[in-house]
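J.: Structure incoming, see below.
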Amino acid sequence: MDFLNSKKRKNKGEIPQYIVEGHHEAIVSKEDFLKVQAMMSERAAQFGNVPEIRHKYNQRYAFSGKLICGNCGATLKRRLWNSKAKSKQVVWLCKTYINEGKSSCNMKALDDITLKAVFVRVFNRLYEYKEDFAKAFTDNIEKVLKQGAKCEDAFKLDRDISNINEEIKSLVRQQIKGELREDEFDKKYIVLKKMLEDLQVRKEALNIDSNKYDEILKRTAEIKRIINLREIALAEFDDDIFEGLIEKVVVITPTHLEFHLKNGMKVEEEFIKKRGINGLQ
């Protein structure tokens with residue numbers, strides 16, 4: 001306050017500022033506030049929403065950045081239809097359609113209520129068969145990723161790499177002793193080096209597959225843990241569960257969605273949408 005001119009003026013550091021704690025009676029007691037914060041933190045931790053990783057999905061809406069247009073590959077953006085009317089509706093529209101028009105992408109809008117209802121349906125199906133889906137998926141992934149290892153035994157690769165290294169060492173010793181001309185040494189060395197590089201690439205591919213498999217197992221276990229936290233099926237959409245399970249949703253059509261779980265599993269859901277907010281079949 002500028003007392004000379006009787007005008008309010010924001011203090012931008014011209015004079016010292018002080019914070020007085022406990023000056024007013026709190027609307028919510030400190031004990032209740034801390035209890036609520038502890039409950040929120042516990043619930044967030046159950047679904048992996050801890051401060052260290054929260055930045056990964058610190059979005060305003062659960063579907064932000066996760067809906068992918070099946071036509072053009074762009075993300076879907078949230079829009080409000082009839083915002084001034086009682087019949088206002090939240091929908092998701094393809095970014096290409098918004099920016100460039102129907103001629104560039106003719107994907108129709110998907111309403112928010114339907115999207116949430118479809119996810120509830122997908123989750124409840126996973127919940128119902130939770131004992132079977134993880135094992136079936138893991139067995140299938142193991143079959144695919146480990147197929148390479150069956151064709152190219154890791155032990156055999158290690159043995160071949162060791163043999164090539166010994167041949168290279170022997171070749172170097174021969175040249176040092178003068179038993180090989182330089183052109184002969186170069187020719188043989190190039191061949192052996194190429195063979196060694198090929199073997200190392202094949203071994204690295206096996207290691208990548210193994211690491212990938214371990215990561216998928218870890219993600220599948222986390223998905224199973226989130227599902228098992230539920231004592232009953234979902235009655236309504238849950239933001240934390242959606243975030244914990246879903247990597248993205250590909251909108252093939254507004255009535256055909258493909259949910260990509262965080263372990264790589266895909267769940268397709270086709271449905272009929274009639275008029276009204278409860279028209280999902």
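Every chain in the structure tokens takes a letter, A first, then B, and so on in the order presented; its residues are numbered from 1, and the ligands are numbered from 1 following the presented order.
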Give me, as a list in words, all polymer residues having an atom no more than 12 Å from segment 165-178 of chain A, counting only C-alpha atoms and skipping those fewer than 3 positions away in the same chain.

T.: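 The contact residues come out as Asp158, Arg159, Asp160, Ile161, Ser162, Arg181, Glu182, Asp183, Glu184, Phe185, Asp186, Lys187, Lys188, Tyr189, Ile190, Val191, Leu192, Lys193, Lys194, Met195, Leu196, Glu197, Leu199 and Gln200 of chain A.
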
J.: Okay, now the selection with N, CA and C atoms, as a PDB file, in the first residue's frame?

T.:
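Here's the written file result13.pdb:
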```
ATOM      1  N   ASP A 158      30.383 -68.035 -28.207  1.00  0.00           N
ATOM      2  CA  ASP A 158      31.543 -67.708 -27.362  1.00  0.00           C
ATOM      3  C   ASP A 158      32.763 -68.535 -27.759  1.00  0.00           C
ATOM      4  N   ARG A 159      32.539 -69.810 -28.040  1.00  0.00           N
ATOM      5  CA  ARG A 159      33.643 -70.697 -28.428  1.00  0.00           C
ATOM      6  C   ARG A 159      34.237 -70.257 -29.767  1.00  0.00           C
ATOM      7  N   ASP A 160      33.382 -69.906 -30.724  1.00  0.00           N
ATOM      8  CA  ASP A 160      33.864 -69.469 -32.046  1.00  0.00           C
ATOM      9  C   ASP A 160      34.630 -68.153 -31.939  1.00  0.00           C
ATOM     10  N   ILE A 161      34.143 -67.251 -31.116  1.00  0.00           N
ATOM     11  CA  ILE A 161      34.835 -65.964 -30.922  1.00  0.00           C
ATOM     12  C   ILE A 161      36.211 -66.186 -30.321  1.00  0.00           C
ATOM     13  N   SER A 162      36.267 -67.087 -29.341  1.00  0.00           N
ATOM     14  CA  SER A 162      37.557 -67.396 -28.712  1.00  0.00           C
ATOM     15  C   SER A 162      38.537 -68.000 -29.724  1.00  0.00           C
ATOM     16  N   ARG A 181      54.674 -62.848 -45.220  1.00  0.00           N
ATOM     17  CA  ARG A 181      54.868 -61.571 -45.890  1.00  0.00           C
ATOM     18  C   ARG A 181      53.755 -60.619 -45.446  1.00  0.00           C
ATOM     19  N   GLU A 182      54.004 -59.326 -45.576  1.00  0.00           N
ATOM     20  CA  GLU A 182      53.033 -58.325 -45.111  1.00  0.00           C
ATOM     21  C   GLU A 182      51.717 -58.409 -45.859  1.00  0.00           C
ATOM     22  N   ASP A 183      51.774 -58.647 -47.184  1.00  0.00           N
ATOM     23  CA  ASP A 183      50.537 -58.735 -47.951  1.00  0.00           C
ATOM     24  C   ASP A 183      49.720 -59.964 -47.570  1.00  0.00           C
ATOM     25  N   GLU A 184      50.430 -61.096 -47.257  1.00  0.00           N
ATOM     26  CA  GLU A 184      49.720 -62.300 -46.809  1.00  0.00           C
ATOM     27  C   GLU A 184      49.058 -62.074 -45.454  1.00  0.00           C
ATOM     28  N   PHE A 185      49.823 -61.409 -44.554  1.00  0.00           N
ATOM     29  CA  PHE A 185      49.276 -61.107 -43.221  1.00  0.00           C
ATOM     30  C   PHE A 185      48.021 -60.251 -43.340  1.00  0.00           C
ATOM     31  N   ASP A 186      48.083 -59.177 -44.154  1.00  0.00           N
ATOM     32  CA  ASP A 186      46.941 -58.273 -44.315  1.00  0.00           C
ATOM     33  C   ASP A 186      45.717 -59.014 -44.845  1.00  0.00           C
ATOM     34  N   LYS A 187      45.923 -59.879 -45.812  1.00  0.00           N
ATOM     35  CA  LYS A 187      44.812 -60.601 -46.433  1.00  0.00           C
ATOM     36  C   LYS A 187      44.125 -61.524 -45.423  1.00  0.00           C
ATOM     37  N   LYS A 188      44.924 -62.294 -44.662  1.00  0.00           N
ATOM     38  CA  LYS A 188      44.361 -63.223 -43.681  1.00  0.00           C
ATOM     39  C   LYS A 188      43.738 -62.463 -42.494  1.00  0.00           C
ATOM     40  N   TYR A 189      44.386 -61.386 -42.098  1.00  0.00           N
ATOM     41  CA  TYR A 189      43.891 -60.619 -40.949  1.00  0.00           C
ATOM     42  C   TYR A 189      42.517 -60.009 -41.244  1.00  0.00           C
ATOM     43  N   ILE A 190      42.348 -59.479 -42.455  1.00  0.00           N
ATOM     44  CA  ILE A 190      41.060 -58.874 -42.849  1.00  0.00           C
ATOM     45  C   ILE A 190      39.938 -59.912 -42.803  1.00  0.00           C
ATOM     46  N   VAL A 191      40.221 -61.123 -43.279  1.00  0.00           N
ATOM     47  CA  VAL A 191      39.223 -62.196 -43.276  1.00  0.00           C
ATOM     48  C   VAL A 191      38.837 -62.559 -41.846  1.00  0.00           C
ATOM     49  N   LEU A 192      39.845 -62.759 -40.981  1.00  0.00           N
ATOM     50  CA  LEU A 192      39.581 -63.144 -39.588  1.00  0.00           C
ATOM     51  C   LEU A 192      38.854 -62.036 -38.829  1.00  0.00           C
ATOM     52  N   LYS A 193      39.223 -60.805 -39.063  1.00  0.00           N
ATOM     53  CA  LYS A 193      38.592 -59.679 -38.381  1.00  0.00           C
ATOM     54  C   LYS A 193      37.123 -59.570 -38.766  1.00  0.00           C
ATOM     55  N   LYS A 194      36.818 -59.810 -40.058  1.00  0.00           N
ATOM     56  CA  LYS A 194      35.430 -59.760 -40.510  1.00  0.00           C
ATOM     57  C   LYS A 194      34.617 -60.882 -39.864  1.00  0.00           C
ATOM     58  N   MET A 195      35.195 -62.072 -39.767  1.00  0.00           N
ATOM     59  CA  MET A 195      34.523 -63.193 -39.124  1.00  0.00           C
ATOM     60  C   MET A 195      34.247 -62.885 -37.646  1.00  0.00           C
ATOM     61  N   LEU A 196      35.227 -62.290 -36.988  1.00  0.00           N
ATOM     62  CA  LEU A 196      35.080 -61.948 -35.569  1.00  0.00           C
ATOM     63  C   LEU A 196      33.968 -60.913 -35.367  1.00  0.00           C
ATOM     64  N   GLU A 197      33.915 -59.906 -36.217  1.00  0.00           N
ATOM     65  CA  GLU A 197      32.881 -58.876 -36.112  1.00  0.00           C
ATOM     66  C   GLU A 197      31.487 -59.462 -36.307  1.00  0.00           C
ATOM     67  N   LEU A 199      30.511 -62.562 -35.694  1.00  0.00           N
ATOM     68  CA  LEU A 199      30.178 -63.347 -34.498  1.00  0.00           C
ATOM     69  C   LEU A 199      29.777 -62.450 -33.335  1.00  0.00           C
ATOM     70  N   GLN A 200      30.482 -61.336 -33.164  1.00  0.00           N
ATOM     71  CA  GLN A 200      30.173 -60.414 -32.061  1.00  0.00           C
ATOM     72  C   GLN A 200      28.812 -59.748 -32.241  1.00  0.00           C
TER      73      GLN A 200
END
```

J.: Please give the complete set of residues from segment 91-279 of chain A that DSSP, run on the backbone, assigns to strand (DSSP E), formatted as an MDAnalysis selection string.

T.: chainID A and resid 91:94 110:111 246:253 256:261 266:270

J.: How would the residues just picked look written out with N, CA, C and O atoms as a CSV table (one decimal), in the first residue's frame?

T.:
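Writing done, so here's result.csv:
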```csv
chain,number,residue,atom,x,y,z
A,91,VAL,N,-14.8,-34.2,-26.5
A,91,VAL,CA,-14.4,-35.2,-27.6
A,91,VAL,C,-12.9,-35.1,-27.8
A,91,VAL,O,-12.2,-34.1,-27.4
A,92,TRP,N,-12.4,-36.1,-28.6
A,92,TRP,CA,-11.0,-36.1,-28.9
A,92,TRP,C,-10.9,-36.2,-30.5
A,92,TRP,O,-11.5,-37.0,-31.1
A,93,LEU,N,-10.2,-35.2,-31.0
A,93,LEU,CA,-10.1,-35.1,-32.5
A,93,LEU,C,-8.6,-35.2,-32.9
A,93,LEU,O,-7.7,-34.8,-32.3
A,94,CYS,N,-8.4,-35.8,-34.1
A,94,CYS,CA,-7.1,-36.0,-34.7
A,94,CYS,C,-6.5,-34.6,-34.9
A,94,CYS,O,-7.1,-33.7,-35.5
A,110,LEU,N,-13.9,-38.9,-31.3
A,110,LEU,CA,-14.2,-40.0,-30.3
A,110,LEU,C,-14.6,-39.3,-29.0
A,110,LEU,O,-13.8,-38.5,-28.5
A,111,ASP,N,-15.8,-39.5,-28.4
A,111,ASP,CA,-16.1,-38.8,-27.2
A,111,ASP,C,-15.5,-39.4,-26.0
A,111,ASP,O,-15.2,-40.6,-25.9
A,246,ILE,N,-1.5,-48.5,-19.5
A,246,ILE,CA,-1.6,-48.2,-21.0
A,246,ILE,C,-0.5,-47.3,-21.5
A,246,ILE,O,-0.2,-46.3,-20.9
A,247,GLU,N,0.2,-47.8,-22.5
A,247,GLU,CA,1.2,-47.0,-23.2
A,247,GLU,C,0.6,-46.1,-24.2
A,247,GLU,O,1.0,-44.9,-24.2
A,248,LYS,N,-0.3,-46.6,-25.0
A,248,LYS,CA,-1.0,-45.7,-25.9
A,248,LYS,C,-2.3,-46.5,-26.4
A,248,LYS,O,-2.5,-47.7,-26.1
A,249,VAL,N,-3.2,-45.7,-27.0
A,249,VAL,CA,-4.4,-46.2,-27.6
A,249,VAL,C,-4.5,-45.8,-29.1
A,249,VAL,O,-4.5,-44.6,-29.4
A,250,VAL,N,-4.5,-46.8,-30.0
A,250,VAL,CA,-4.6,-46.5,-31.4
A,250,VAL,C,-6.1,-46.5,-31.8
A,250,VAL,O,-6.8,-47.5,-31.5
A,251,VAL,N,-6.6,-45.4,-32.3
A,251,VAL,CA,-8.0,-45.3,-32.7
A,251,VAL,C,-8.1,-45.7,-34.2
A,251,VAL,O,-7.8,-44.9,-35.1
A,252,ILE,N,-8.4,-47.0,-34.4
A,252,ILE,CA,-8.5,-47.5,-35.7
A,252,ILE,C,-9.8,-46.9,-36.4
A,252,ILE,O,-9.7,-46.4,-37.5
A,253,THR,N,-10.9,-46.9,-35.7
A,253,THR,CA,-12.1,-46.1,-36.0
A,253,THR,C,-12.7,-45.6,-34.7
A,253,THR,O,-12.3,-46.1,-33.6
A,256,HIS,N,-13.6,-48.7,-32.9
A,256,HIS,CA,-12.6,-49.8,-32.9
A,256,HIS,C,-11.3,-49.3,-32.3
A,256,HIS,O,-10.6,-48.5,-33.0
A,257,LEU,N,-11.0,-49.7,-31.1
A,257,LEU,CA,-9.8,-49.2,-30.4
A,257,LEU,C,-8.8,-50.3,-30.2
A,257,LEU,O,-9.2,-51.4,-30.0
A,258,GLU,N,-7.5,-49.9,-30.2
A,258,GLU,CA,-6.4,-50.9,-29.9
A,258,GLU,C,-5.6,-50.4,-28.7
A,258,GLU,O,-4.9,-49.4,-28.8
A,259,PHE,N,-5.8,-51.0,-27.6
A,259,PHE,CA,-5.1,-50.6,-26.4
A,259,PHE,C,-3.7,-51.3,-26.3
A,259,PHE,O,-3.6,-52.5,-26.3
A,260,HIS,N,-2.6,-50.5,-26.2
A,260,HIS,CA,-1.3,-51.1,-26.1
A,260,HIS,C,-0.9,-51.0,-24.6
A,260,HIS,O,-0.6,-49.9,-24.1
A,261,LEU,N,-0.7,-52.2,-24.0
A,261,LEU,CA,-0.3,-52.2,-22.6
A,261,LEU,C,1.3,-51.9,-22.5
A,261,LEU,O,1.9,-52.0,-23.6
A,266,LYS,N,-1.3,-56.1,-26.8
A,266,LYS,CA,-2.3,-55.3,-27.5
A,266,LYS,C,-3.7,-56.0,-27.2
A,266,LYS,O,-3.8,-57.2,-27.3
A,267,VAL,N,-4.6,-55.1,-26.9
A,267,VAL,CA,-6.0,-55.6,-26.7
A,267,VAL,C,-6.9,-54.8,-27.6
A,267,VAL,O,-7.0,-53.5,-27.4
A,268,GLU,N,-7.6,-55.4,-28.5
A,268,GLU,CA,-8.5,-54.7,-29.4
A,268,GLU,C,-9.9,-54.8,-28.8
A,268,GLU,O,-10.3,-55.8,-28.3
A,269,GLU,N,-10.7,-53.7,-29.1
A,269,GLU,CA,-12.0,-53.6,-28.6
A,269,GLU,C,-12.9,-53.0,-29.7
A,269,GLU,O,-12.7,-51.8,-30.0
A,270,GLU,N,-13.9,-53.7,-30.2
A,270,GLU,CA,-14.8,-53.1,-31.1
A,270,GLU,C,-16.2,-53.0,-30.4
A,270,GLU,O,-16.5,-53.9,-29.6
```

J.: Under the rule that only C-alpha atoms are counted, which of A:Ile226, A:Ile98, A:Ile113, A:Met107 is the nearest residue to Lys77 of chain A?

T.: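 Of all the options, A:Ile98 lies closest to Lys77 of chain A.
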
J.: Among the residues of segment 108-263 of chain A, find those DSSP assigns to helix (DSSP H, G or I) from the backbone and print them as a ChimeraX atom specification.

T.: /A:112-128,130-145,147-151,154-176,182-228,239-245
